[in-house]
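Undergrad: Following this message is one structure expressed as structure tokens.
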Amino acid sequence: MVIHEEENRVSLSVGEFAQFQLGPRPQRGRKAGLWRMQLGQSWHQQIQREDEAANPDTSSEVVIRATWFEAGWHIHLHGRIDQLERTESASILREIKTVSHALPLPEGDIATRYPDYLCQLAAYVKLARLLPEYEGKPVAGELVLVEIEQGLRQVLPLTETHEAPFDTQMTSLCAFLNERRAAATRRRTLSYRPAFDQFRPEQEDAIAQLKAHSTRAGALVLEAPTGFGKTGLALEYGLQQLRDGLFERIVYLTGKSTGQSQVSRQLSRMTAQPDDLRHYVFRNRAEHAINSPAHTCDVLSSSCLDGIDAAWERSRITPWELWQERQPTLENIRLLGAAHGLCPYEISRSLLPYVDVLVGDYNYLFSPWHQQVFLESEGFCPERTLLIVDEAHNLASRVASLFSFSLTHHEARQLASELRYADITPRLLAALEDWSGLLESLREKESHDLAAEYEIADTLERLAGLIVRERIPWEELPPAAFESLSRLPRLHQIYADNTLDRLVWSPSRGELRVSCLDASTAIASSLSRFGQSLLMSATLSPLPDFLAEAGLGNATTACLRAEASWREGAYDVAVDASVDTRLRTRSSFYESTANTISQLCSADSRPTAVFFPSYRYAETLRTYLNEIDPGCVVAMQPRGIELQGQMHFIEESLLSAHAVFFVLGSSFSEGIDELGGRIGQAMVVGPALPEVNAEQKARMDRLSDKEKATAFRSVYQLPAMRKINQALGRLVRAPGQRARVLLHCRRFADKSYQDLLDPVLVPEAVLRSPADLGEWISRDGVSTMPGR
């Protein structure tokens with residue numbers, strides 16, 4: 001659907017028109033499979049051949065294109081009617097549809113079950129009556145239902161009563177179009193508060209740079225330090241573009257839920273009423289799930305869509321009116337779903353066409369399995385959308401993970417066992433057994449040879465082909481088997497995509513792992529859809545490396561770098577070169593590291609943040625520290641908790657702990673902004689290089705044409721130092737804040753590591769002995785924490 005609000009004009013296919021809905025779209029079956037589509041096409045073609053042979057005045061796949069005028073709108077509809085028969089007395093249009101129900105059906109049941117079929121036929125009939133080639137004779141319609149198993153037919157002549165779905169659909173479409181037109185008018189007169197009460201000079205310069213490139217660059221890359229106000233700047237820039245009519249929507253993506261909540265808060269501060277600027281934070285299906293008397297969600301099946309049409313009609317929900325009451329949030333959408341017996345996720349999806357600023361995770365545009373949620377919402381036009389990607393330094397690794405997968409022979413064997421007693425064909429069951437046997441034959445290997453890759457490709461292709469072609473009782477499968485089986489064709493698509501640089505390997509016996517080594521082509525493909533993209537982060541440098549990771553070309557990309565003078569001198573950084581935290585030597589320095597943490601905690605009344613490469617390392621040091629200094633209270637970052645729990649942990653730790661242990665690269669170290677000004681010193685225990693495994697070795701091999709040091713820098717050092725820059729950048733987020741940082745490993749004294757540090761974090765001192773360390777810690781120290 002392409003909408004031109006200013007011209008009161010819209011263009012869409014007849015099929016799209018017939019299936020249009022203001023609310024959720026129900027599904028007739030969880031998964032029909034390609035076999036049903038192919039069988040349906042076969043019946044279509046057979047009927048068309050037979051009828052054309054019997055009657056020379058019958059034609060198939062006839063194009064019908066016309067403009068319908070309704071409520072002031074020019075609605076351009078186009079499509080192909082399955083069959084046209086011209087008789088002496090009339091022109092008869094036939095739409096052929098295959099159904100799984102036994103025929104014949106009562107006429108009333110047909111109208112109830114298949115209103116979109118009747119609407120589609122009625123649309124063709126009404127359009128044909130407008131065209132000159134159909135003048136002089138009445139135009140009639142017939143809906144031909146074909147039972148897909150036996151080919152039995154039922155013909156339903158179209159009556160005036162059957163044309164009613166067309167009128168109902170046209171009313172719904174015009175209501176949607178009127179709302180879109182009103183939204184366009186609202187955006188042109190958009191009034192919003194500035195992102196900041198007072199713009200600092202560096203912020204004014206950054207927004208001026210963005211505006212200067214607004215019409216000249218397809219992609220903007222903004223690097224600005226943590227605390228600079230990137231979220232506010234991006235929204236200030238984006239809202240002006242909306243008001244000026246350059247874009248009709250903003251999609252703001254960030255991989256952290258903390259960042260998504262921050263965007264929502266910023267937008268709420270910038271607008272007086274929710275309906276002035278409609279924004280929505282779209283969460284995943286699992287977060288929407290409810291268990292209530294009226295509805296219980298099942299995230300592994302499509303049961304949430306059962307009876308949804310009737311429930312939606314009873315609810316009388318008008319999606320765009322929700323903003324008139326209050327800002328929609330996940331919690332009140334879940335309450336709305338519980339009250340009306342509706343899946344909250346489907347309610348959220350129904351809001352998407354009416355959102356001015358849509359906030360969500362990277363998955364909704366970069367995952368081939370989830371991007372349709374945004375891209376296929378009614379009226380979504382990427383070319384008229386401004387895409388903002390926050391924390392863009394994580395984009396390449398996140399997208400690479402979306403195109404990677406792992407399978408084991410245990411999983412394949414379990415799937416085959418579950419399906420052995422299901423109503424599936426012997427061919428499919430044999431293919432599943434072959435796949436399980438192939439996975440079981442895999443031995444631990446860092447890279448499979450081409451012969452093995454071809455065998456995997458052939459077996460997976462054969463299996464995926466059977467899954468989409470064969471008849472499968474999807475509705476009867478257990479949820480886990482349904483998910484595992486439906487996943488295999490998608491994995492085959494990844495495996496067969498030759499544009500992705502990948503590694504095929506087995507980290508253990510019976511396990512297949514496919515790792516995407518370079519997702520730049522996939523990222524570039526997604527970005528190219530949009531009118532403009534703004535990618536931003538505090539840690540994009542070196543910019544040439546980032547541009548290569550994102551597949552961005554210099555010709556169409558403007559790179560902007562913002563500085564903050566107040567960060568100069570805000571950090572006091574030293575390297576503790578007396579220890580070596582490499583994996584093979586770190587155990588020799590556990591006691592020394594624990595002593596250093598104890599000394600730091602004794603030198604400041606505020607908690608000390610300690611960043612580790614892994615949970616295991618952090619837990620080991622907590623044990624040593626408890627032995628050395630039992631009075632030192634340590635708060636250990638918990639695993640896998642949601643945003644609210646993360647915030648509670650931070651607040652409680654800042655009040656009660658002497659040391660707070662974080663893991664580099666986690667949501668805590670990269671996504672929590674509550675540490676600025678509240679933690680005066682930090683310690684980084686080693687540079688957290690990526691694990692040495694087959695993936696990293698393959699990445700090194702890809703750079704074999706470069707010097708080894710250059711390849712090592714790209715594969716190991718750069719990802720590690722970005723994590724450190726991210727974590728430490730959150731300690732100083734505003735003018736006047738200061739922090740002392742100890743880089744605890746001799747590797748930090750190496751120039752190759754220091755060159756990748758944020759310039760304000762370059763060490764001023766290298767400490768080579770316990771005496772040097774003690775002197776540095778005691779310098780400018782503050783009072784000891786009470787009770788220590």
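Naming scheme: A, B, ... for chains in displayed order of the structure tokens; residues 1 onward per chain; ligands 1 onward as shown.
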Hey, what's within 9 Å of Arg180 in chain A if we count only C-alpha atoms and toss same-chain stuff fewer than 2 positions away? As number ranges by chain, please?

TA: A: 3, 5, 175-178, 182-185, 353-354, 379

Undergrad: May I have all residues of range 220-460 of chain A that DSSP, computed from the backbone, assigns to alpha helix (DSSP H), given as a PyMOL selection string?

TA: chain A and resi 230-243+257-270+285-288+308-315+322-325+330-340+344-351+363-366+372-375+395-402+409-419+426-441+450-460

Undergrad: Can you pull out every residue within 6 Å of Ala412 in chain A, counting only C-alpha atoms, but drop anything in the same chain fewer than 3 positions away, and send it as a list in words?

TA: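 That gives His409, Leu415 and Ser436 of chain A.
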
Undergrad: Next, dump the selected residues to file, keeping only N, CA, C and O atoms, as an mmCIF file, in the first residue's frame.

TA:
```
data_model
loop_
_atom_site.group_PDB
_atom_site.id
_atom_site.type_symbol
_atom_site.label_atom_id
_atom_site.label_comp_id
_atom_site.auth_asym_id
_atom_site.auth_seq_id
_atom_site.Cartn_x
_atom_site.Cartn_y
_atom_site.Cartn_z
ATOM 1 N N HIS A 409 22.785 -33.339 17.270
ATOM 2 C CA HIS A 409 22.106 -34.569 16.869
ATOM 3 C C HIS A 409 21.092 -35.001 17.928
ATOM 4 O O HIS A 409 20.110 -35.688 17.615
ATOM 5 N N LEU A 415 13.450 -34.691 17.754
ATOM 6 C CA LEU A 415 12.414 -34.265 16.809
ATOM 7 C C LEU A 415 11.907 -35.456 15.999
ATOM 8 O O LEU A 415 10.690 -35.640 15.821
ATOM 9 N N SER A 436 19.533 -36.416 11.294
ATOM 10 C CA SER A 436 20.024 -36.777 12.622
ATOM 11 C C SER A 436 21.310 -37.593 12.519
ATOM 12 O O SER A 436 22.271 -37.373 13.267
#
```

Undergrad: For range 201-218 of chain A, find every residue with an atom within 7 Å (counting only C-alpha atoms), except residues of its own chain fewer than 2 positions away, and show them as a list in words.

TA: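 Contacts, in chain order: Phe199, Leu220, Leu233, Tyr237, Gly531, Gln532, Ser533, Thr556, Thr557, Ala558, Ala562, Glu563 and Ala564 of chain A.
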
Undergrad: Could you take the residues named above and write them with N, CA and C atoms, as a PDB file, in the first residue's frame?

TA:
```pdb
ATOM      1  N   PHE A 199      20.974  24.148  25.408  1.00  0.00           N
ATOM      2  CA  PHE A 199      21.950  23.400  24.625  1.00  0.00           C
ATOM      3  C   PHE A 199      23.360  23.891  24.951  1.00  0.00           C
ATOM      4  N   LEU A 220      24.080   8.838   8.069  1.00  0.00           N
ATOM      5  CA  LEU A 220      24.843   9.713   8.955  1.00  0.00           C
ATOM      6  C   LEU A 220      25.421   8.854  10.068  1.00  0.00           C
ATOM      7  N   LEU A 233      19.656  14.665  20.979  1.00  0.00           N
ATOM      8  CA  LEU A 233      20.055  15.265  19.703  1.00  0.00           C
ATOM      9  C   LEU A 233      19.399  14.552  18.531  1.00  0.00           C
ATOM     10  N   TYR A 237      16.734  16.273  15.975  1.00  0.00           N
ATOM     11  CA  TYR A 237      16.942  16.253  14.527  1.00  0.00           C
ATOM     12  C   TYR A 237      15.777  15.557  13.824  1.00  0.00           C
ATOM     13  N   GLY A 531      14.858   5.969   3.916  1.00  0.00           N
ATOM     14  CA  GLY A 531      15.127   7.287   3.359  1.00  0.00           C
ATOM     15  C   GLY A 531      16.439   7.835   3.864  1.00  0.00           C
ATOM     16  N   GLN A 532      16.712   7.639   5.140  1.00  0.00           N
ATOM     17  CA  GLN A 532      17.997   8.027   5.729  1.00  0.00           C
ATOM     18  C   GLN A 532      18.218   7.222   6.989  1.00  0.00           C
ATOM     19  N   SER A 533      19.484   6.949   7.293  1.00  0.00           N
ATOM     20  CA  SER A 533      19.847   6.230   8.508  1.00  0.00           C
ATOM     21  C   SER A 533      20.819   7.083   9.314  1.00  0.00           C
ATOM     22  N   THR A 556      28.285   7.853   0.191  1.00  0.00           N
ATOM     23  CA  THR A 556      26.918   8.166   0.625  1.00  0.00           C
ATOM     24  C   THR A 556      26.800   8.326   2.136  1.00  0.00           C
ATOM     25  N   THR A 557      27.924   8.357   2.838  1.00  0.00           N
ATOM     26  CA  THR A 557      27.912   8.415   4.295  1.00  0.00           C
ATOM     27  C   THR A 557      28.640   9.654   4.788  1.00  0.00           C
ATOM     28  N   ALA A 558      28.019  10.365   5.709  1.00  0.00           N
ATOM     29  CA  ALA A 558      28.660  11.516   6.356  1.00  0.00           C
ATOM     30  C   ALA A 558      29.021  11.124   7.776  1.00  0.00           C
ATOM     31  N   ALA A 562      31.574  14.397  17.549  1.00  0.00           N
ATOM     32  CA  ALA A 562      31.320  15.480  18.496  1.00  0.00           C
ATOM     33  C   ALA A 562      32.230  15.314  19.706  1.00  0.00           C
ATOM     34  N   GLU A 563      32.740  16.404  20.195  1.00  0.00           N
ATOM     35  CA  GLU A 563      33.618  16.383  21.359  1.00  0.00           C
ATOM     36  C   GLU A 563      32.951  17.127  22.512  1.00  0.00           C
ATOM     37  N   ALA A 564      33.389  16.821  23.723  1.00  0.00           N
ATOM     38  CA  ALA A 564      32.879  17.503  24.916  1.00  0.00           C
ATOM     39  C   ALA A 564      34.078  17.978  25.732  1.00  0.00           C
TER      40      ALA A 564
END
```

Undergrad: Among range 543-576 of chain A, which residues does DSSP mark as strand (DSSP E or B) when it is run on the backbone? Keep the chain and numbering as in the structure and answer as an mmCIF file with N, CA and C atoms, in the first residue's frame.

TA:
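Saved the output as states_23.cif:
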```cif
data_model
loop_
_atom_site.group_PDB
_atom_site.id
_atom_site.type_symbol
_atom_site.label_atom_id
_atom_site.label_comp_id
_atom_site.auth_asym_id
_atom_site.auth_seq_id
_atom_site.Cartn_x
_atom_site.Cartn_y
_atom_site.Cartn_z
ATOM 1 N N THR A 557 27.924 8.357 2.838
ATOM 2 C CA THR A 557 27.912 8.415 4.295
ATOM 3 C C THR A 557 28.640 9.654 4.788
ATOM 4 N N ALA A 558 28.019 10.365 5.709
ATOM 5 C CA ALA A 558 28.660 11.516 6.356
ATOM 6 C C ALA A 558 29.021 11.124 7.776
ATOM 7 N N CYS A 559 30.291 11.233 8.130
ATOM 8 C CA CYS A 559 30.768 10.874 9.465
ATOM 9 C C CYS A 559 30.971 12.138 10.293
ATOM 10 N N LEU A 560 30.325 12.196 11.440
ATOM 11 C CA LEU A 560 30.391 13.370 12.308
ATOM 12 C C LEU A 560 30.925 12.938 13.666
ATOM 13 N N ARG A 561 31.828 13.720 14.195
ATOM 14 C CA ARG A 561 32.396 13.399 15.506
ATOM 15 C C ARG A 561 32.229 14.600 16.415
ATOM 16 N N TYR A 571 39.212 12.307 33.885
ATOM 17 C CA TYR A 571 39.665 10.978 34.292
ATOM 18 C C TYR A 571 41.127 11.036 34.742
ATOM 19 N N ASP A 572 41.420 10.320 35.790
ATOM 20 C CA ASP A 572 42.789 10.090 36.244
ATOM 21 C C ASP A 572 43.054 8.599 36.046
ATOM 22 N N VAL A 573 43.861 8.256 35.044
ATOM 23 C CA VAL A 573 44.007 6.863 34.627
ATOM 24 C C VAL A 573 45.450 6.401 34.810
ATOM 25 N N ALA A 574 45.584 5.201 35.347
ATOM 26 C CA ALA A 574 46.904 4.593 35.497
ATOM 27 C C ALA A 574 46.833 3.119 35.114
ATOM 28 N N VAL A 575 47.980 2.578 34.697
ATOM 29 C CA VAL A 575 48.090 1.154 34.374
ATOM 30 C C VAL A 575 48.846 0.459 35.495
ATOM 31 N N ASP A 576 48.268 -0.605 36.018
ATOM 32 C CA ASP A 576 48.967 -1.452 36.984
ATOM 33 C C ASP A 576 49.690 -2.540 36.184
#
```

Undergrad: Tell me which of A:Phe196, A:Trp320, A:Tyr117, A:Trp505 sits closest to Glu446 in chain A, counting only C-alpha atoms.

TA: A:Trp505

Undergrad: Excluding range 344-347 of chain A and its own-chain neighbours fewer than 5 positions away, which residues fall within 7 Å of it when counting only C-alpha atoms? Please give them as a PyMOL selection string.

TA: chain A and resi 24+285+288-289+333-334+337
